[in-house]
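Source file: final.tsv. Holds: TSV, C-alpha atoms.
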```
chain	number	residue	atom	x	y	z
A	364	MET	CA	302.97	110.25	92.35
A	365	THR	CA	305.89	109.45	90.06
A	366	ALA	CA	309.25	111.19	90.36
A	367	LYS	CA	308.67	112.87	86.99
A	368	LYS	CA	305.37	114.38	88.15
A	369	GLU	CA	306.92	115.54	91.41
A	370	THR	CA	309.76	117.29	89.56
A	371	ARG	CA	307.32	118.96	87.17
A	372	LYS	CA	305.11	120.12	90.05
A	373	GLU	CA	308.11	121.58	91.88
A	374	ASN	CA	309.15	123.49	88.75
A	375	GLU	CA	305.73	125.08	88.17
A	376	LYS	CA	305.41	128.67	89.22
A	377	PRO	CA	303.21	129.11	92.30
A	378	GLN	CA	300.83	131.40	90.40
A	379	ARG	CA	300.24	128.76	87.76
A	380	ARG	CA	299.45	126.11	90.39
A	381	ILE	CA	296.98	128.46	92.08
A	382	ARG	CA	295.37	129.40	88.75
A	383	ASN	CA	295.01	125.74	87.74
A	384	ALA	CA	293.56	124.77	91.12
A	385	ASN	CA	290.97	127.57	90.97
A	386	ARG	CA	290.03	127.05	87.36
A	387	GLY	CA	287.19	124.69	88.22
A	388	THR	CA	285.64	121.95	86.15
A	389	GLY	CA	283.46	124.04	83.85
A	390	ILE	CA	280.48	122.01	85.04
A	391	GLU	CA	277.25	123.78	85.87
A	392	SER	CA	276.70	123.69	89.62
A	393	ALA	CA	273.70	121.90	91.12
A	394	ASP	CA	271.87	123.53	94.04
A	395	TRP	CA	269.45	122.02	96.55
A	396	GLY	CA	268.19	125.56	97.15
A	397	GLU	CA	266.22	125.26	93.91
A	398	ALA	CA	264.11	122.44	95.35
A	399	ASP	CA	260.59	123.20	96.58
A	400	SER	CA	260.71	122.69	100.36
A	401	ASP	CA	257.13	121.36	100.52
A	402	LYS	CA	257.98	118.68	97.95
A	403	LEU	CA	261.13	117.74	99.87
A	404	VAL	CA	259.14	117.34	103.10
A	405	LYS	CA	256.46	115.29	101.37
A	406	ALA	CA	259.07	113.00	99.76
A	407	ILE	CA	260.85	112.49	103.08
A	408	CYS	CA	257.58	111.68	104.88
A	409	LEU	CA	256.46	109.18	102.23
A	410	ILE	CA	259.86	107.47	102.07
A	411	CYS	CA	260.09	107.17	105.86
A	412	LYS	CA	256.49	105.92	106.03
A	413	HIS	CA	257.67	102.93	103.97
A	414	SER	CA	260.42	102.17	106.53
A	415	CYS	CA	263.11	103.48	104.22
A	416	ALA	CA	265.83	106.05	104.79
A	417	VAL	CA	266.80	108.84	102.45
A	418	GLN	CA	270.05	110.78	102.14
A	419	PHE	CA	270.55	113.95	100.15
A	420	GLY	CA	273.90	115.02	98.80
A	421	MET	CA	275.89	116.25	95.87
A	422	THR	CA	278.58	114.80	93.62
A	423	ARG	CA	282.17	115.83	94.30
A	424	ASP	CA	282.31	118.05	91.25
A	425	GLY	CA	279.02	119.74	92.21
A	426	GLY	CA	277.48	118.90	88.86
A	427	ALA	CA	274.64	116.74	90.18
A	428	LEU	CA	272.45	116.28	93.22
A	429	VAL	CA	272.29	112.81	94.76
A	430	VAL	CA	269.36	111.08	96.44
A	431	ARG	CA	270.19	107.77	98.15
A	432	ILE	CA	267.33	105.55	99.24
A	433	VAL	CA	268.04	102.73	101.69
A	434	GLY	CA	265.59	100.04	102.80
A	435	ASP	CA	263.69	99.49	99.56
A	436	GLY	CA	265.61	96.37	98.54
A	437	GLU	CA	269.21	97.24	97.69
A	438	PRO	CA	270.34	100.80	98.49
A	439	TYR	CA	270.50	102.92	95.37
A	440	ASN	CA	271.59	106.39	94.33
A	441	GLU	CA	269.77	108.62	91.90
A	442	PHE	CA	271.63	111.50	90.27
A	443	ILE	CA	269.89	114.69	89.17
A	444	ARG	CA	272.07	116.83	86.91
A	445	ALA	CA	272.26	120.58	87.38
A	446	THR	CA	270.53	120.96	84.00
A	447	GLU	CA	267.54	118.88	85.16
A	448	ASN	CA	264.57	120.22	87.12
A	449	ILE	CA	264.84	118.98	90.72
A	450	ASN	CA	261.15	119.66	91.34
A	451	LEU	CA	260.10	117.38	88.46
A	452	TYR	CA	262.32	114.67	89.93
A	453	LEU	CA	260.71	115.15	93.36
A	454	ASP	CA	257.23	114.93	91.78
A	455	GLY	CA	258.20	111.56	90.29
A	456	LEU	CA	259.70	110.34	93.57
A	457	ILE	CA	256.54	111.34	95.45
A	458	SER	CA	254.26	109.63	92.94
A	459	ASP	CA	256.36	106.43	93.08
A	460	PHE	CA	256.02	106.19	96.85
A	461	GLU	CA	252.35	107.21	96.77
A	462	ALA	CA	251.71	104.43	94.22
A	463	ALA	CA	253.49	101.94	96.50
A	464	GLU	CA	251.33	103.15	99.38
A	465	ASN	CA	248.12	102.71	97.39
A	466	GLY	CA	249.18	99.57	95.55
```

Could you render the structure from this file as structure tokens?
Amino acid sequence: MTAKKETRKENEKPQRRIRNANRGTGIESADWGEADSDKLVKAICLICKHSCAVQFGMTRDGGALVVRIVGDGEPYNEFIRATENINLYLDGLISDFEAAENG
């Protein structure tokens, strides 16, 4: 941090710092709780059946869910925004791995 920024931060009133820190990003918050548990289990089972690993997470700002798949070539992340339907994404993920199983 530059000296100018440090001086400005020291001069801010504590209430203003607290208010700014709590203001948030204004981004809609993603929630894994909206996912259908049966679809999650089915996706996990199919992915693992193909000797792959799957990780579930969220972006730092909470605006998107993250699915990381490892073992299917290069590891890759897929981001599902809070405005997108997680269950539709899971349907697509399931059908991709079912197609690989049958193909």

- Task: Find the distance between CA of Leu451 in chain A and CA of Gly434 in chain A and write it in Å to one decimal.
- Result: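 Between CA of Leu451 in chain A and CA of Gly434 in chain A the gap is 23.2 Å.
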
- Task: Take CA of Glu397 in chain A and CA of Asn448 in chain A and report the distance between them in Å, one decimal.
- Result: 8.6 Å

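With distances taken over all atoms listed in the file, A:Asp399 is the one residue among A:Ser392, A:Ala427, A:Ser414, A:Asp399 lying closest to Asp454 in chain A.
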
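Using all atoms listed in the file for every distance, the candidate list A:Ala416, A:Ile410, A:Ile449, A:Ala398 yields A:Ile410 as the residue closest to Ala462 in chain A.
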
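Shortest separation to Phe460 in chain A among A:Leu428, A:His413, A:Phe442, A:Phe419 occurs at residue A:His413, atoms counted being only C-alpha atoms.
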
- Find the distance between CA of Glu391 in chain A and CA of Gly426 in chain A and write it in Å to one decimal.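 Value for the CA of Glu391 in chain A-CA of Gly426 in chain A distance: 5.7 Å.
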
- Query: Mind listing as a VMD selection string all residues within 10 Å of (270.9, 111.5, 94.4), counting all atoms listed in the file?
  - Reply: chain A and resid 417 to 422 427 to 432 439 to 444

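In this comparison, which uses only C-alpha atoms, the residue of A:Glu437, A:Glu461, A:Gly425, A:Cys408 approaching Asp394 in chain A most closely is A:Gly425.
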
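Distances here use all atoms listed in the file; by that measure, the residue among A:Leu453, A:Ala445, A:Leu409, A:Pro438 closest to Asn465 in chain A is A:Leu409.
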
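Distances to Asp401 in chain A were evaluated for A:Asn450, A:Asp424, A:Glu464, A:Ser458 using only C-alpha atoms, and the minimum falls at A:Asn450.
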